[in-house]
>>> print(open('work21.txt').read())   # compact mmCIF, N, CA and C atoms and all ligand atoms
# COMPACT_ATOMS: atom_id res chain seq x y z
N MET L 9 58.52 12.25 112.65
CA MET L 9 57.75 13.13 111.79
C MET L 9 57.91 14.59 112.24
N LEU L 10 58.19 15.44 111.27
CA LEU L 10 58.38 16.86 111.61
C LEU L 10 57.05 17.59 111.60
N GLU L 11 56.87 18.47 112.57
CA GLU L 11 55.71 19.37 112.56
C GLU L 11 56.11 20.68 113.21
N ILE L 12 55.38 21.71 112.89
CA ILE L 12 55.67 23.02 113.47
C ILE L 12 54.47 23.47 114.29
N VAL L 13 54.77 23.89 115.51
CA VAL L 13 53.70 24.32 116.41
C VAL L 13 53.99 25.73 116.90
N ARG L 14 52.94 26.36 117.40
CA ARG L 14 53.11 27.70 117.96
C ARG L 14 53.92 27.62 119.25
N ASN L 15 54.63 28.67 119.50
CA ASN L 15 55.41 28.73 120.73
C ASN L 15 54.48 28.81 121.95
N LYS L 16 54.94 28.27 123.08
CA LYS L 16 54.24 28.44 124.34
C LYS L 16 55.26 28.29 125.47
N PRO L 17 54.87 28.69 126.70
CA PRO L 17 55.86 28.74 127.79
C PRO L 17 56.65 27.45 127.98
N GLN L 18 56.08 26.30 127.69
CA GLN L 18 56.84 25.06 127.90
C GLN L 18 58.07 24.98 126.99
N TYR L 19 58.10 25.79 125.91
CA TYR L 19 59.25 25.76 124.99
C TYR L 19 60.25 26.88 125.25
N TRP L 20 59.95 27.78 126.19
CA TRP L 20 60.81 28.94 126.37
C TRP L 20 62.24 28.54 126.74
N GLU L 21 62.37 27.55 127.61
CA GLU L 21 63.73 27.15 128.00
C GLU L 21 64.46 26.47 126.84
N PHE L 22 63.71 25.74 126.03
CA PHE L 22 64.32 25.14 124.83
C PHE L 22 64.92 26.24 123.94
N ILE L 23 64.16 27.29 123.71
CA ILE L 23 64.65 28.40 122.87
C ILE L 23 65.88 29.05 123.52
N ARG L 24 65.80 29.27 124.82
CA ARG L 24 66.93 29.91 125.50
C ARG L 24 68.20 29.08 125.35
N HIS L 25 68.09 27.78 125.59
CA HIS L 25 69.28 26.92 125.47
C HIS L 25 69.83 26.94 124.05
N LEU L 26 68.94 26.94 123.08
CA LEU L 26 69.39 26.93 121.69
C LEU L 26 70.03 28.28 121.31
N LYS L 27 69.46 29.37 121.81
CA LYS L 27 70.08 30.68 121.56
C LYS L 27 71.45 30.76 122.24
N ASN L 28 71.61 30.03 123.35
CA ASN L 28 72.89 30.06 124.08
C ASN L 28 73.90 29.03 123.56
N ASP L 29 73.48 28.21 122.63
CA ASP L 29 74.38 27.21 122.03
C ASP L 29 75.62 27.94 121.46
N GLU L 30 76.77 27.31 121.60
CA GLU L 30 78.02 28.00 121.24
C GLU L 30 78.02 28.50 119.79
N THR L 31 77.62 27.62 118.87
CA THR L 31 77.62 28.03 117.45
C THR L 31 76.61 29.14 117.21
N ALA L 32 75.45 29.02 117.84
CA ALA L 32 74.41 30.04 117.65
C ALA L 32 74.91 31.39 118.16
N ARG L 33 75.60 31.40 119.30
CA ARG L 33 76.10 32.66 119.85
C ARG L 33 77.21 33.24 118.98
N THR L 34 78.08 32.36 118.47
CA THR L 34 79.16 32.82 117.59
C THR L 34 78.57 33.48 116.35
N ASN L 35 77.47 32.92 115.85
CA ASN L 35 76.87 33.42 114.62
C ASN L 35 75.94 34.61 114.83
N SER L 36 75.68 34.92 116.09
CA SER L 36 74.73 35.97 116.39
C SER L 36 75.44 37.33 116.47
N MET L 37 74.66 38.43 116.35
CA MET L 37 75.22 39.77 116.51
C MET L 37 75.66 39.97 117.97
N SER L 38 75.06 39.20 118.87
CA SER L 38 75.40 39.33 120.29
C SER L 38 75.78 37.96 120.84
N ASP L 39 76.93 37.87 121.52
CA ASP L 39 77.33 36.57 122.05
C ASP L 39 76.98 36.46 123.54
N HIS L 40 76.12 37.34 123.97
CA HIS L 40 75.67 37.39 125.36
C HIS L 40 74.93 36.10 125.76
N MET L 41 75.27 35.54 126.93
CA MET L 41 74.56 34.36 127.44
C MET L 41 73.23 34.82 128.04
N ILE L 42 72.14 34.32 127.50
CA ILE L 42 70.83 34.77 127.95
C ILE L 42 70.46 34.07 129.26
N GLN L 43 70.10 34.87 130.24
CA GLN L 43 69.75 34.33 131.56
C GLN L 43 68.25 34.01 131.64
N VAL L 44 67.90 33.15 132.59
CA VAL L 44 66.50 32.69 132.71
C VAL L 44 65.52 33.85 132.84
N GLY L 45 65.82 34.77 133.77
CA GLY L 45 64.88 35.86 134.04
C GLY L 45 64.68 36.78 132.86
N GLU L 46 65.77 37.15 132.21
CA GLU L 46 65.65 38.07 131.08
C GLU L 46 64.91 37.40 129.92
N HIS L 47 65.16 36.08 129.77
CA HIS L 47 64.49 35.36 128.68
C HIS L 47 62.98 35.27 128.94
N ARG L 48 62.64 35.03 130.19
CA ARG L 48 61.22 34.94 130.54
C ARG L 48 60.53 36.29 130.26
N ALA L 49 61.19 37.36 130.63
CA ALA L 49 60.61 38.69 130.38
C ALA L 49 60.48 38.94 128.88
N TYR L 50 61.52 38.54 128.12
CA TYR L 50 61.51 38.71 126.67
C TYR L 50 60.38 37.89 126.04
N MET L 51 60.29 36.63 126.46
CA MET L 51 59.28 35.74 125.87
C MET L 51 57.86 36.17 126.25
N SER L 52 57.69 36.79 127.40
CA SER L 52 56.36 37.25 127.79
C SER L 52 55.83 38.25 126.77
N VAL L 53 56.76 38.96 126.14
CA VAL L 53 56.37 39.97 125.14
C VAL L 53 56.35 39.36 123.73
N HIS L 54 57.34 38.51 123.44
CA HIS L 54 57.54 38.08 122.04
C HIS L 54 57.14 36.63 121.76
N ASN L 55 56.51 35.96 122.71
CA ASN L 55 56.15 34.54 122.55
C ASN L 55 55.54 34.24 121.19
N ASP L 56 54.57 35.05 120.79
CA ASP L 56 53.79 34.74 119.57
C ASP L 56 54.58 34.91 118.28
N LYS L 57 55.77 35.45 118.36
CA LYS L 57 56.57 35.65 117.14
C LYS L 57 57.40 34.42 116.80
N TYR L 58 57.32 33.39 117.65
CA TYR L 58 58.17 32.21 117.47
C TYR L 58 57.35 30.95 117.22
N TYR L 59 57.94 30.07 116.44
CA TYR L 59 57.38 28.73 116.19
C TYR L 59 58.43 27.69 116.55
N ILE L 60 57.94 26.51 116.93
CA ILE L 60 58.83 25.42 117.34
C ILE L 60 58.67 24.27 116.37
N CYS L 61 59.80 23.67 115.97
CA CYS L 61 59.74 22.48 115.13
C CYS L 61 59.93 21.25 116.02
N LEU L 62 58.98 20.33 115.92
CA LEU L 62 59.05 19.09 116.70
C LEU L 62 59.37 17.94 115.76
N ASN L 63 60.21 17.03 116.24
CA ASN L 63 60.45 15.78 115.51
C ASN L 63 59.94 14.67 116.42
N ASN L 64 58.86 14.02 116.02
CA ASN L 64 58.21 13.04 116.89
C ASN L 64 57.99 13.62 118.29
N SER L 65 57.44 14.81 118.31
CA SER L 65 57.05 15.54 119.54
C SER L 65 58.23 16.13 120.32
N ILE L 66 59.46 15.94 119.84
CA ILE L 66 60.62 16.49 120.57
C ILE L 66 61.11 17.75 119.86
N PRO L 67 61.28 18.86 120.60
CA PRO L 67 61.73 20.10 119.95
C PRO L 67 63.12 19.95 119.34
N VAL L 68 63.24 20.36 118.08
CA VAL L 68 64.54 20.27 117.39
C VAL L 68 64.97 21.62 116.81
N GLY L 69 64.09 22.60 116.82
CA GLY L 69 64.48 23.90 116.28
C GLY L 69 63.40 24.93 116.53
N TYR L 70 63.77 26.17 116.30
CA TYR L 70 62.78 27.25 116.38
C TYR L 70 63.02 28.24 115.26
N VAL L 71 61.98 28.96 114.92
CA VAL L 71 62.10 30.07 113.97
C VAL L 71 61.16 31.17 114.45
N GLY L 72 61.60 32.40 114.27
CA GLY L 72 60.75 33.50 114.69
C GLY L 72 61.36 34.83 114.32
N ARG L 73 60.78 35.87 114.92
CA ARG L 73 61.32 37.21 114.69
C ARG L 73 61.71 37.79 116.03
N ASN L 74 62.90 38.35 116.11
CA ASN L 74 63.37 38.87 117.39
C ASN L 74 62.79 40.27 117.64
N ALA L 75 63.25 40.88 118.73
CA ALA L 75 62.70 42.18 119.13
C ALA L 75 62.94 43.25 118.07
N GLN L 76 64.01 43.08 117.29
CA GLN L 76 64.32 44.05 116.22
C GLN L 76 63.65 43.66 114.91
N ASP L 77 62.84 42.60 114.96
CA ASP L 77 62.10 42.12 113.80
C ASP L 77 62.97 41.44 112.75
N TYR L 78 64.13 40.96 113.15
CA TYR L 78 64.94 40.14 112.26
C TYR L 78 64.62 38.68 112.52
N ILE L 79 64.71 37.87 111.47
CA ILE L 79 64.44 36.44 111.63
C ILE L 79 65.51 35.81 112.50
N SER L 80 65.06 34.97 113.39
CA SER L 80 65.97 34.19 114.24
C SER L 80 65.60 32.72 114.00
N VAL L 81 66.60 31.93 113.67
CA VAL L 81 66.32 30.52 113.35
C VAL L 81 67.49 29.68 113.85
N ALA L 82 67.19 28.53 114.42
CA ALA L 82 68.27 27.63 114.86
C ALA L 82 67.73 26.21 114.98
N VAL L 83 68.65 25.28 114.80
CA VAL L 83 68.36 23.85 114.89
C VAL L 83 69.34 23.27 115.91
N ILE L 84 68.92 22.31 116.70
CA ILE L 84 69.84 21.75 117.70
C ILE L 84 71.01 21.06 116.99
N SER L 85 72.17 21.07 117.65
CA SER L 85 73.40 20.74 116.94
C SER L 85 73.38 19.38 116.24
N GLY L 86 72.88 18.33 116.87
CA GLY L 86 72.93 17.00 116.24
C GLY L 86 71.99 16.85 115.05
N ASN L 87 71.14 17.85 114.83
CA ASN L 87 70.13 17.73 113.77
C ASN L 87 70.35 18.70 112.61
N ARG L 88 71.47 19.38 112.62
CA ARG L 88 71.72 20.35 111.54
C ARG L 88 72.10 19.62 110.25
N GLY L 89 71.84 20.30 109.14
CA GLY L 89 72.21 19.73 107.84
C GLY L 89 71.27 18.64 107.36
N LYS L 90 70.07 18.55 107.96
CA LYS L 90 69.11 17.50 107.56
C LYS L 90 67.84 18.10 106.97
N GLY L 91 67.87 19.38 106.68
CA GLY L 91 66.69 20.00 106.05
C GLY L 91 65.71 20.63 107.02
N ILE L 92 66.00 20.58 108.31
CA ILE L 92 65.04 21.11 109.29
C ILE L 92 64.97 22.65 109.23
N GLY L 93 66.14 23.29 109.08
CA GLY L 93 66.14 24.75 108.98
C GLY L 93 65.32 25.20 107.78
N LYS L 94 65.49 24.52 106.68
CA LYS L 94 64.76 24.87 105.45
C LYS L 94 63.26 24.64 105.63
N TYR L 95 62.93 23.55 106.23
CA TYR L 95 61.52 23.23 106.50
C TYR L 95 60.88 24.35 107.34
N MET L 96 61.59 24.79 108.37
CA MET L 96 61.04 25.84 109.25
C MET L 96 60.95 27.17 108.53
N LEU L 97 61.99 27.53 107.80
CA LEU L 97 62.01 28.85 107.18
C LEU L 97 60.97 28.94 106.05
N GLN L 98 60.79 27.85 105.33
CA GLN L 98 59.75 27.85 104.28
C GLN L 98 58.37 28.01 104.92
N TYR L 99 58.16 27.29 106.00
CA TYR L 99 56.88 27.40 106.72
C TYR L 99 56.67 28.84 107.20
N PHE L 100 57.72 29.42 107.78
CA PHE L 100 57.63 30.76 108.33
C PHE L 100 57.32 31.79 107.23
N ARG L 101 57.96 31.62 106.11
CA ARG L 101 57.69 32.53 104.97
C ARG L 101 56.22 32.47 104.57
N GLU L 102 55.69 31.26 104.54
CA GLU L 102 54.27 31.11 104.17
C GLU L 102 53.36 31.78 105.20
N GLN L 103 53.67 31.57 106.46
CA GLN L 103 52.86 32.18 107.53
C GLN L 103 52.91 33.70 107.47
N MET L 104 54.07 34.23 107.10
CA MET L 104 54.30 35.69 107.13
C MET L 104 54.22 36.28 105.72
N SER L 105 53.45 35.64 104.86
CA SER L 105 53.51 36.02 103.44
C SER L 105 53.12 37.47 103.17
N THR L 106 52.39 38.09 104.10
CA THR L 106 52.00 39.49 103.85
C THR L 106 53.00 40.46 104.48
N GLN L 107 54.01 39.93 105.14
CA GLN L 107 54.92 40.81 105.88
C GLN L 107 56.31 40.85 105.25
N LYS L 108 56.97 41.96 105.47
CA LYS L 108 58.34 42.11 104.97
C LYS L 108 59.27 41.36 105.92
N LEU L 109 60.03 40.42 105.39
CA LEU L 109 60.93 39.64 106.24
C LEU L 109 62.38 40.01 105.95
N ARG L 110 63.20 39.98 107.00
CA ARG L 110 64.61 40.29 106.81
C ARG L 110 65.43 39.55 107.86
N ALA L 111 66.70 39.37 107.54
CA ALA L 111 67.59 38.65 108.46
C ALA L 111 68.98 39.25 108.35
N ILE L 112 69.72 39.22 109.43
CA ILE L 112 71.14 39.58 109.38
C ILE L 112 71.92 38.29 109.57
N VAL L 113 72.78 37.97 108.60
CA VAL L 113 73.53 36.71 108.64
C VAL L 113 75.02 37.02 108.52
N SER L 114 75.80 36.41 109.41
CA SER L 114 77.25 36.63 109.36
C SER L 114 77.84 36.05 108.09
N LEU L 115 78.83 36.76 107.53
CA LEU L 115 79.53 36.25 106.34
C LEU L 115 80.25 34.94 106.66
N GLU L 116 80.46 34.71 107.97
CA GLU L 116 81.17 33.48 108.39
C GLU L 116 80.21 32.37 108.80
N ASN L 117 78.97 32.47 108.34
CA ASN L 117 77.98 31.44 108.67
C ASN L 117 77.42 30.85 107.36
N PRO L 118 78.22 30.00 106.69
CA PRO L 118 77.79 29.50 105.38
C PRO L 118 76.48 28.71 105.44
N ALA L 119 76.23 28.01 106.55
CA ALA L 119 75.00 27.21 106.64
C ALA L 119 73.79 28.13 106.58
N SER L 120 73.87 29.26 107.30
CA SER L 120 72.74 30.17 107.34
C SER L 120 72.60 30.94 106.02
N LEU L 121 73.74 31.36 105.45
CA LEU L 121 73.68 32.05 104.15
C LEU L 121 73.00 31.15 103.13
N LYS L 122 73.41 29.89 103.12
CA LYS L 122 72.85 28.93 102.17
C LYS L 122 71.36 28.70 102.45
N LEU L 123 71.05 28.61 103.73
CA LEU L 123 69.64 28.39 104.12
C LEU L 123 68.74 29.50 103.57
N PHE L 124 69.13 30.76 103.81
CA PHE L 124 68.28 31.87 103.37
C PHE L 124 68.18 31.92 101.85
N GLU L 125 69.30 31.66 101.18
CA GLU L 125 69.26 31.67 99.71
C GLU L 125 68.38 30.53 99.20
N ALA L 126 68.51 29.37 99.85
CA ALA L 126 67.72 28.20 99.42
C ALA L 126 66.22 28.46 99.61
N CYS L 127 65.88 29.36 100.51
CA CYS L 127 64.46 29.68 100.75
C CYS L 127 64.02 30.93 99.98
N GLY L 128 64.87 31.40 99.08
CA GLY L 128 64.45 32.47 98.18
C GLY L 128 64.75 33.88 98.66
N PHE L 129 65.46 34.02 99.76
CA PHE L 129 65.81 35.37 100.23
C PHE L 129 66.95 35.92 99.35
N ILE L 130 66.97 37.23 99.23
CA ILE L 130 67.95 37.90 98.37
C ILE L 130 68.90 38.73 99.23
N LYS L 131 70.21 38.60 98.95
CA LYS L 131 71.20 39.44 99.65
C LYS L 131 71.07 40.87 99.16
N LYS L 132 70.79 41.82 100.08
CA LYS L 132 70.61 43.20 99.61
C LYS L 132 71.59 44.20 100.18
N TYR L 133 72.09 43.96 101.39
CA TYR L 133 72.98 44.95 102.03
C TYR L 133 74.19 44.26 102.64
N TYR L 134 75.27 45.00 102.79
CA TYR L 134 76.36 44.59 103.66
C TYR L 134 76.30 45.49 104.88
N ILE L 135 76.61 44.95 106.05
CA ILE L 135 76.71 45.77 107.25
C ILE L 135 78.19 45.93 107.55
N PHE L 136 78.66 47.18 107.58
CA PHE L 136 80.07 47.43 107.88
C PHE L 136 80.23 47.77 109.35
N GLU L 137 81.26 47.19 109.96
CA GLU L 137 81.55 47.52 111.35
C GLU L 137 82.96 48.09 111.43
N GLY L 138 83.20 48.93 112.44
CA GLY L 138 84.48 49.64 112.52
C GLY L 138 85.64 48.77 112.92
N ASP L 139 85.34 47.64 113.53
CA ASP L 139 86.39 46.80 114.09
C ASP L 139 85.92 45.36 114.02
N GLU L 140 86.86 44.43 113.81
CA GLU L 140 86.42 43.03 113.70
C GLU L 140 85.87 42.49 115.02
N ASN L 141 86.18 43.20 116.13
CA ASN L 141 85.67 42.76 117.43
C ASN L 141 84.35 43.43 117.81
N ASP L 142 83.84 44.30 116.97
CA ASP L 142 82.57 44.99 117.28
C ASP L 142 81.44 43.98 117.42
C1 LIG M 1 71.72 27.88 110.15
C2 LIG M 1 70.88 26.65 110.52
C3 LIG M 1 69.56 27.13 111.17
C4 LIG M 1 70.56 25.88 109.23
O1 LIG M 1 69.66 24.84 109.54
P1 LIG M 1 69.90 23.37 108.99
O2 LIG M 1 68.77 22.53 109.37
O3 LIG M 1 71.25 22.92 109.41
O4 LIG M 1 69.92 23.64 107.40
P2 LIG M 1 69.29 22.71 106.26
O5 LIG M 1 69.75 21.31 106.49
O6 LIG M 1 67.84 22.97 106.17
O7 LIG M 1 70.02 23.26 104.97
C5 LIG M 1 69.58 24.44 104.32
C6 LIG M 1 70.49 24.73 103.14
O8 LIG M 1 71.78 25.07 103.64
C7 LIG M 1 72.77 24.12 103.18
N1 LIG M 1 73.65 23.88 104.31
C8 LIG M 1 73.33 23.33 105.50
N2 LIG M 1 74.41 23.30 106.31
C9 LIG M 1 75.43 23.83 105.59
C10 LIG M 1 76.80 24.08 105.87
N3 LIG M 1 77.34 23.77 107.06
N4 LIG M 1 77.55 24.68 104.91
C11 LIG M 1 77.02 25.02 103.72
N5 LIG M 1 75.70 24.81 103.38
C12 LIG M 1 74.93 24.22 104.32
C13 LIG M 1 71.99 22.91 102.76
O9 LIG M 1 72.66 22.18 101.75
C14 LIG M 1 70.71 23.52 102.25
O10 LIG M 1 70.86 24.03 100.94
P3 LIG M 1 70.14 23.34 99.68
O11 LIG M 1 68.68 23.27 100.01
O12 LIG M 1 70.45 24.28 98.56
O13 LIG M 1 70.79 22.00 99.57
C15 LIG M 1 71.65 25.70 111.49
O14 LIG M 1 72.88 25.36 110.91
C16 LIG M 1 71.88 26.30 112.87
O15 LIG M 1 71.06 26.15 113.76
N6 LIG M 1 73.03 27.01 113.05
C17 LIG M 1 73.31 27.64 114.35
C18 LIG M 1 72.40 28.84 114.59
C19 LIG M 1 72.53 29.87 113.48
O16 LIG M 1 73.59 30.13 112.96
N7 LIG M 1 71.36 30.45 113.12
C20 LIG M 1 71.27 31.43 112.06
C21 LIG M 1 71.48 32.82 112.56
S1 LIG M 1 71.12 34.00 111.26
>>> encode(input="work21.txt", output="structure tokens", more="lines below")
Ligand SMILES: CC(C)(COP(=O)(O)OP(=O)(O)OC[C@H]1O[C@@H](n2cnc3c(N)ncnc32)[C@H](O)[C@@H]1OP(=O)(O)O)[C@@H](O)C(=O)NCCC(=O)NCCS
Amino acid sequence: MLEIVRNKPQYWEFIRHLKNDETARTNSMSDHMIQVGEHRAYMSVHNDKYYICLNNSIPVGYVGRNAQDYISVAVISGNRGKGIGKYMLQYFREQMSTQKLRAIVSLENPASLKLFEACGFIKKYYIFEGDEND
């Protein structure tokens, strides 16, 4: 059974590992491997901006807003494509219904593009970079 709970320190390492997942890093604006200490410092400030999705009490994904206030969402690799991302993002939209939400999604991340569109988000801008390695 899926449920969404508020973030707390016991989930911080789960989030860090998921942010460091190879696909998640490839799809992110930054492919930096997040270290334990920096993540702990980050979470001490931003803990309340994240929610955890549990499947029968086991963490399978997270959704939240990062330090730049962009949505950050990820599902563990074996559980992708089963509706968990959509479940989390719909929940998050409802929770944040009074707030302006935004996300930056790579053109090379069809799963995420589809996810945001399926949850009613509208493509509004392109971000241009000077070099494909930027
Ligand atoms: C992006 C991500 C969170 C999507 O979560 P998910 O649980 O796999 O997605 P869902 O199963 O809820 O699917 C959501 C929608 O995307 C579609 N979709 C899912 N995977 C897809 C894929 N690989 N290609 C195309 N569409 C896909 C689904 O069909 C669904 O659309 P629908 O409701 O119109 O049928 C997940 O793939 C992930 O964790 N990726 C790595 C981290 C990442 O890229 N995060 C986003 C950074 S912006």
>>> axis_aligned_box(input="work21.txt", around="region 57-74 of chain L", padding_each_side="6 Å", output="AutoDock Vina command-line options")
--center_x 60.4 --center_y 26.7 --center_z 117.3 --size_x 21.2 --size_y 39.2 --size_z 18.6
>>> atom_distance(input="work21.txt", atom1="CA of Ser38 (chain L)", atom2="CA of Leu121 (chain L)")
17.8 Å
>>> select_by_dssp(input="work21.txt", residues="chain L", states="strand (DSSP E)", output="PyMOL selection string")
chain L and resi 10-14+58-63+66-73+79-83
>>> write_last_selection(input="work21.txt", atoms="N, CA and C atoms", output="mmCIF file, in the coordinates of the input")
data_model
loop_
_atom_site.group_PDB
_atom_site.id
_atom_site.type_symbol
_atom_site.label_atom_id
_atom_site.label_comp_id
_atom_site.auth_asym_id
_atom_site.auth_seq_id
_atom_site.Cartn_x
_atom_site.Cartn_y
_atom_site.Cartn_z
ATOM 1 N N LEU L 10 58.190 15.440 111.270
ATOM 2 C CA LEU L 10 58.380 16.860 111.610
ATOM 3 C C LEU L 10 57.050 17.590 111.600
ATOM 4 N N GLU L 11 56.870 18.470 112.570
ATOM 5 C CA GLU L 11 55.710 19.370 112.560
ATOM 6 C C GLU L 11 56.110 20.680 113.210
ATOM 7 N N ILE L 12 55.380 21.710 112.890
ATOM 8 C CA ILE L 12 55.670 23.020 113.470
ATOM 9 C C ILE L 12 54.470 23.470 114.290
ATOM 10 N N VAL L 13 54.770 23.890 115.510
ATOM 11 C CA VAL L 13 53.700 24.320 116.410
ATOM 12 C C VAL L 13 53.990 25.730 116.900
ATOM 13 N N ARG L 14 52.940 26.360 117.400
ATOM 14 C CA ARG L 14 53.110 27.700 117.960
ATOM 15 C C ARG L 14 53.920 27.620 119.250
ATOM 16 N N TYR L 58 57.320 33.390 117.650
ATOM 17 C CA TYR L 58 58.170 32.210 117.470
ATOM 18 C C TYR L 58 57.350 30.950 117.220
ATOM 19 N N TYR L 59 57.940 30.070 116.440
ATOM 20 C CA TYR L 59 57.380 28.730 116.190
ATOM 21 C C TYR L 59 58.430 27.690 116.550
ATOM 22 N N ILE L 60 57.940 26.510 116.930
ATOM 23 C CA ILE L 60 58.830 25.420 117.340
ATOM 24 C C ILE L 60 58.670 24.270 116.370
ATOM 25 N N CYS L 61 59.800 23.670 115.970
ATOM 26 C CA CYS L 61 59.740 22.480 115.130
ATOM 27 C C CYS L 61 59.930 21.250 116.020
ATOM 28 N N LEU L 62 58.980 20.330 115.920
ATOM 29 C CA LEU L 62 59.050 19.090 116.700
ATOM 30 C C LEU L 62 59.370 17.940 115.760
ATOM 31 N N ASN L 63 60.210 17.030 116.240
ATOM 32 C CA ASN L 63 60.450 15.780 115.510
ATOM 33 C C ASN L 63 59.940 14.670 116.420
ATOM 34 N N ILE L 66 59.460 15.940 119.840
ATOM 35 C CA ILE L 66 60.620 16.490 120.570
ATOM 36 C C ILE L 66 61.110 17.750 119.860
ATOM 37 N N PRO L 67 61.280 18.860 120.600
ATOM 38 C CA PRO L 67 61.730 20.100 119.950
ATOM 39 C C PRO L 67 63.120 19.950 119.340
ATOM 40 N N VAL L 68 63.240 20.360 118.080
ATOM 41 C CA VAL L 68 64.540 20.270 117.390
ATOM 42 C C VAL L 68 64.970 21.620 116.810
ATOM 43 N N GLY L 69 64.090 22.600 116.820
ATOM 44 C CA GLY L 69 64.480 23.900 116.280
ATOM 45 C C GLY L 69 63.400 24.930 116.530
ATOM 46 N N TYR L 70 63.770 26.170 116.300
ATOM 47 C CA TYR L 70 62.780 27.250 116.380
ATOM 48 C C TYR L 70 63.020 28.240 115.260
ATOM 49 N N VAL L 71 61.980 28.960 114.920
ATOM 50 C CA VAL L 71 62.100 30.070 113.970
ATOM 51 C C VAL L 71 61.160 31.170 114.450
ATOM 52 N N GLY L 72 61.600 32.400 114.270
ATOM 53 C CA GLY L 72 60.750 33.500 114.690
ATOM 54 C C GLY L 72 61.360 34.830 114.320
ATOM 55 N N ARG L 73 60.780 35.870 114.920
ATOM 56 C CA ARG L 73 61.320 37.210 114.690
ATOM 57 C C ARG L 73 61.710 37.790 116.030
ATOM 58 N N ILE L 79 64.710 37.870 111.470
ATOM 59 C CA ILE L 79 64.440 36.440 111.630
ATOM 60 C C ILE L 79 65.510 35.810 112.500
ATOM 61 N N SER L 80 65.060 34.970 113.390
ATOM 62 C CA SER L 80 65.970 34.190 114.240
ATOM 63 C C SER L 80 65.600 32.720 114.000
ATOM 64 N N VAL L 81 66.600 31.930 113.670
ATOM 65 C CA VAL L 81 66.320 30.520 113.350
ATOM 66 C C VAL L 81 67.490 29.680 113.850
ATOM 67 N N ALA L 82 67.190 28.530 114.420
ATOM 68 C CA ALA L 82 68.270 27.630 114.860
ATOM 69 C C ALA L 82 67.730 26.210 114.980
ATOM 70 N N VAL L 83 68.650 25.280 114.800
ATOM 71 C CA VAL L 83 68.360 23.850 114.890
ATOM 72 C C VAL L 83 69.340 23.270 115.910
#
>>> closest_residue(input="work21.txt", among="L:Asn74, L:Ser85, L:Gln98, L:Met51", to="Leu26 (chain L)", atoms="only C-alpha atoms")
L:Ser85
>>> residues_near_ligand(input="work21.txt", ligand="ligand LIG 1 (chain M)", cutoff="5 Å", atoms="only N, CA and C atoms and all ligand atoms", output="number ranges by chain")
L: 31-32, 35, 81-83, 88-95, 112-113, 118-120, 122-123, 126
>>> residues_around(input="work21.txt", residues="Asn55 (chain L)", least_positions_apart="3", cutoff="8 Å", atoms="all atoms listed in the file", output="list of chain:residue names")
L:Arg14, L:Asn15, L:Lys16, L:Pro17, L:Ala49, L:Tyr50, L:Met51, L:Ser52, L:Tyr58, L:Tyr59
>>> write_last_selection(input="work21.txt", atoms="N, CA and C atoms", output="PDB file, in the frame of the given file")
ATOM      1  N   ARG L  14      52.940  26.360 117.400  1.00  0.00           N
ATOM      2  CA  ARG L  14      53.110  27.700 117.960  1.00  0.00           C
ATOM      3  C   ARG L  14      53.920  27.620 119.250  1.00  0.00           C
ATOM      4  N   ASN L  15      54.630  28.670 119.500  1.00  0.00           N
ATOM      5  CA  ASN L  15      55.410  28.730 120.730  1.00  0.00           C
ATOM      6  C   ASN L  15      54.480  28.810 121.950  1.00  0.00           C
ATOM      7  N   LYS L  16      54.940  28.270 123.080  1.00  0.00           N
ATOM      8  CA  LYS L  16      54.240  28.440 124.340  1.00  0.00           C
ATOM      9  C   LYS L  16      55.260  28.290 125.470  1.00  0.00           C
ATOM     10  N   PRO L  17      54.870  28.690 126.700  1.00  0.00           N
ATOM     11  CA  PRO L  17      55.860  28.740 127.790  1.00  0.00           C
ATOM     12  C   PRO L  17      56.650  27.450 127.980  1.00  0.00           C
ATOM     13  N   ALA L  49      61.190  37.360 130.630  1.00  0.00           N
ATOM     14  CA  ALA L  49      60.610  38.690 130.380  1.00  0.00           C
ATOM     15  C   ALA L  49      60.480  38.940 128.880  1.00  0.00           C
ATOM     16  N   TYR L  50      61.520  38.540 128.120  1.00  0.00           N
ATOM     17  CA  TYR L  50      61.510  38.710 126.670  1.00  0.00           C
ATOM     18  C   TYR L  50      60.380  37.890 126.040  1.00  0.00           C
ATOM     19  N   MET L  51      60.290  36.630 126.460  1.00  0.00           N
ATOM     20  CA  MET L  51      59.280  35.740 125.870  1.00  0.00           C
ATOM     21  C   MET L  51      57.860  36.170 126.250  1.00  0.00           C
ATOM     22  N   SER L  52      57.690  36.790 127.400  1.00  0.00           N
ATOM     23  CA  SER L  52      56.360  37.250 127.790  1.00  0.00           C
ATOM     24  C   SER L  52      55.830  38.250 126.770  1.00  0.00           C
ATOM     25  N   TYR L  58      57.320  33.390 117.650  1.00  0.00           N
ATOM     26  CA  TYR L  58      58.170  32.210 117.470  1.00  0.00           C
ATOM     27  C   TYR L  58      57.350  30.950 117.220  1.00  0.00           C
ATOM     28  N   TYR L  59      57.940  30.070 116.440  1.00  0.00           N
ATOM     29  CA  TYR L  59      57.380  28.730 116.190  1.00  0.00           C
ATOM     30  C   TYR L  59      58.430  27.690 116.550  1.00  0.00           C
TER      31      TYR L  59
END
>>> select_by_dssp(input="work21.txt", residues="chain L", states="alpha helix (DSSP H)", output="PyMOL selection string")
chain L and resi 20-28+30-35+44-54+92-103+118-126
